[in-house]
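Chemist: Please find one structure pasted underneath; my questions will follow.
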Amino acid sequence: MIKVDNVVKTFGGFRAVDGASLEIAQGAITGLIGPNGAGKTTLFNVIAGVLKPTSGKVTMLGEDITGLAPHDLFHKGLLRTFQIAHEFGSMTCRENLMMVPGNQSGETLWNTWFGRKRIADEERALRAKADEVLEFLTISHLAEQKASQISGGQKKLLELGRTMMVDAKIVFLDEVGAGVNRTLLNTIGDAIIQLNKERGYTFVVIEHDMDFIGRLCDPVICMAEGKVLAEGTLAEIKANEQVIEAYLGTGLKNKDKVGA
Amino acid sequence: MDLLNAFITLANFVIIPAIAYGSQLALGALGVTLIYGILRFSNFAHGDTMAFGTMVTILITWLFQAWGISLGVLPTALLALPFGIAGCAAFVLLTDRAVYRFYRTQKAKPVILVIVSMGVMFIMNGVVRFIIGPDDHNFSDGERFIISARTFRELTGLQEGLAIRTSTGITVITAVVVVALLFWFLNKTRTGKSMRAYSDNEDLALLSGINPERVVLVTWVIVAALATVAGTLYGLDKSFKAFTYFQLLLPIFASAIVGGLGSPVGAIAGGFVIAFSEVTITYAWKKVIVYVLPDGMGPDGLVQLLSTDYKFAVSFIILLVVLLFRPTGLFKGKSV
């Protein structure tokens with residue numbers, strides 16, 4: 001579905017992504033792992049249009065999307081969340097969700113004055129949808145709460161909820177699990193699986209929690225130093241010598257897991 | 001002792017002028033604060049944007065006057081105001097296309113944009129003087145007073161008069177209407193919410209499918225409207241001179257910063273704080289004090305804390321004091 005072809009992104013002399021090539025299959029939940037600084041988030045940013053690649057090409061369903069603006073990609077169904085949860089702090093959780101679908105009729109100055117009824121209808125539908133999403137994520141009680149006041153884990157849920165406000169094709173989740181407790185992480189995991197099965201979302205997940213990756217992802221891609229190191233099922237990845245050296249390490253705890 | 005006359009004097013020379021001046025500053029500061037909150041730079045060209053909008057309004061007013069169109073007791077300028085706003089919006093959007101957009105796509109730092117806006121300021125300044133000249137222009141017509149000092153004296157039999165000029169009344173009413181509209185727009189409409197979202201978190205706004213160019217466009221149009229209204233009201237109240245508008249930049253920025261940059265409520269509060277301080281500190285209190293104190297105890301001097309020549313210093317001092325104790329302004333704005 002998404003094809004990344006030899007993408008390079010340099011910051012000054014530093015090559016954050018150094019010729020990464022990978023392919024993401026439609027309907028799969030792909031895990032992206034690798035040590036800190038491996039270029040995972042930078043690659044996400046390049047795919048999502050936040051950063052322009054120095055060289056290389058990104059295609060989505062055969063269409064060249066290299067360097068398109070984030071809001072254009074959004075309308076093509078490519079969404080992402082942030083490693084550190086972002087939110088519109090001055091708005092309530094419900095309003096945060098209602099912001100999401102772009103190109104609403106209320107966005108033009110003309111409709112603001114002359115299209116009141118259309119806007120009202122649209123808002124009503126959006127509101128119902130936002131409430132549905134909040135219900136699904138088990139945070140209905142936070143609907144009226146300012147988004148700046150909710151906890152970090154709840155912000156992560158809100159991030160996930162944002163992707164549910166539109167019919168996304170592919171969603172990039174950047175460390176949804178970071179700083180989130182087990183129970184909440186399970187809720188997030190359940191939501192991802194359900195979205196994948198019922199709505200056919202394709203997911204790409206950056207995560208350091210191997211249990212979480214193991215539960216959700218197949219295949220798994222491992223990056224290190226800006227390059228793709230290995231690709232396969234989690235078991236294959238764990239058995240890969242290079243991956244062990246670069247990321248998983250040979251600590252006792254991991255040794256048990258290797259090859260398991 | 002005559003407290004009633006003292007109060008009337010105070011109202012006539014301090015309260016009413018300060019309310020009018022405060023409304024004008026508040027409208028100007030709202031424009032500055034919106035640009036800061038949404039486009040993320042301090043727009044030094046704002047004073048001259050006001051001058052440009054006012055200039056267009058004046059030219060159209062003259063045209064209407066030549067055609068014999070008037071609003072009766074109200075100044076013709078009010079009729080010309082929508083055209084002024086349109087002209088100013090067009091000019092500002094042109095500037096954005098030609099100048100600011102380039103720096104926006106480069107993701108230039110705010111410091112660079114500030115300097116760029118200074119360049120724009122000089123150009124606008126030149127354009128305005130080139131078209132209408134550097135001189136004073138008085139374009140106020142219609143009835144001069146809602147209530148004049150003499151009518152008030154005859155009506156109440158008091159010794160002191162209370163004059164309310166038409167321009168003052170219009171300033172306050174227009175300011176209230178404009179501010180109410182702006183807050184409704186920012187808080188209730190989808191476009192306003194997009195603007196707030198963009199101001200809250202630019203990255204997230206982009207990734208939520210909000211079109212940044214549209215947010216920028218709407219922001220400029222609103223800022224042009226605010227600037228033109230503020231400038232025209234100031235011009236009606238006093239008179240129009242390109243250089244005066246350039247000088248207004250200081251109290252306007254002081255208002256926006258005192259209130260908290262990026263906070264619309266703060267801009268309004270800041271406008272009134274600056275206006276009241278400026279007027280009270282430069283006012284000669286002798287008359288009021290003579291009324292308040294028992295007979296014969298009045299002061300000999302004027303009891304004026306600062307000469308009006310130094311009125312801009314007042315903004316500076318308030319600015320310093322507020323920033324020392326509350327770096328984000330009275331209402332929590334953004335601090336960069």
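All residue names refer to the structure tokens as shown: chains lettered A, B, ... in order, residues numbered from 1 in each chain, ligands numbered from 1 in order.
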Could you work out which residues of chain B fall inside 9 Å of chain A? Count only C-alpha atoms, and format the result as number ranges by chain.
Modeler: B: 185, 189-194, 196-201, 203-212, 214-215, 218
Chemist: Could you pull the residues within 7 Å of Gly259 (chain B), counting only C-alpha atoms, minus those fewer than 4 positions along the same chain, as JSON, numbers by chain?
Modeler: {"B": [255, 266, 267, 269, 270, 329, 330, 331]}
Chemist: Rounded to one decimal, what separation in Å do you get between CA of Leu71 (chain B) and CA of Phe152 (chain B)?
Modeler: 25.0 Å
Chemist: Quick check for you: according to DSSP on this backbone, which residues of region 2-243 of chain B are classed as strand (DSSP E)? Reply as a ChimeraX atom specification.
Modeler: /B:145-147,164-165
Chemist: Among region 26-71 of chain A, which ones does DSSP place in helix (DSSP H, G or I), written as a PyMOL selection string?
Modeler: chain A and resi 40-47+70-71
Chemist: Give me a file of those residues, with N, CA and C atoms, as a PDB file, in the first residue's frame.
Modeler:
```pdb
ATOM      1  N   LYS A  40      13.201   6.163  12.982  1.00  0.00           N
ATOM      2  CA  LYS A  40      11.814   5.707  12.810  1.00  0.00           C
ATOM      3  C   LYS A  40      10.864   6.897  12.693  1.00  0.00           C
ATOM      4  N   THR A  41      10.962   7.805  13.666  1.00  0.00           N
ATOM      5  CA  THR A  41      10.052   8.957  13.661  1.00  0.00           C
ATOM      6  C   THR A  41      10.328   9.865  12.469  1.00  0.00           C
ATOM      7  N   THR A  42      11.607  10.030  12.134  1.00  0.00           N
ATOM      8  CA  THR A  42      11.938  10.854  10.970  1.00  0.00           C
ATOM      9  C   THR A  42      11.311  10.264   9.712  1.00  0.00           C
ATOM     10  N   LEU A  43      11.373   8.931   9.599  1.00  0.00           N
ATOM     11  CA  LEU A  43      10.764   8.281   8.443  1.00  0.00           C
ATOM     12  C   LEU A  43       9.253   8.521   8.438  1.00  0.00           C
ATOM     13  N   PHE A  44       8.637   8.424   9.619  1.00  0.00           N
ATOM     14  CA  PHE A  44       7.200   8.736   9.754  1.00  0.00           C
ATOM     15  C   PHE A  44       6.927  10.150   9.254  1.00  0.00           C
ATOM     16  N   ASN A  45       7.773  11.069   9.707  1.00  0.00           N
ATOM     17  CA  ASN A  45       7.574  12.474   9.336  1.00  0.00           C
ATOM     18  C   ASN A  45       7.708  12.677   7.835  1.00  0.00           C
ATOM     19  N   VAL A  46       8.625  11.938   7.223  1.00  0.00           N
ATOM     20  CA  VAL A  46       8.799  12.054   5.779  1.00  0.00           C
ATOM     21  C   VAL A  46       7.560  11.510   5.068  1.00  0.00           C
ATOM     22  N   ILE A  47       7.080  10.342   5.532  1.00  0.00           N
ATOM     23  CA  ILE A  47       5.909   9.750   4.881  1.00  0.00           C
ATOM     24  C   ILE A  47       4.685  10.646   5.061  1.00  0.00           C
ATOM     25  N   PRO A  70       0.989  17.884   4.750  1.00  0.00           N
ATOM     26  CA  PRO A  70       0.262  16.987   5.658  1.00  0.00           C
ATOM     27  C   PRO A  70      -1.252  17.030   5.476  1.00  0.00           C
ATOM     28  N   HIS A  71      -1.794  18.237   5.249  1.00  0.00           N
ATOM     29  CA  HIS A  71      -3.254  18.294   5.162  1.00  0.00           C
ATOM     30  C   HIS A  71      -3.778  17.690   3.867  1.00  0.00           C
TER      31      HIS A  71
END
```
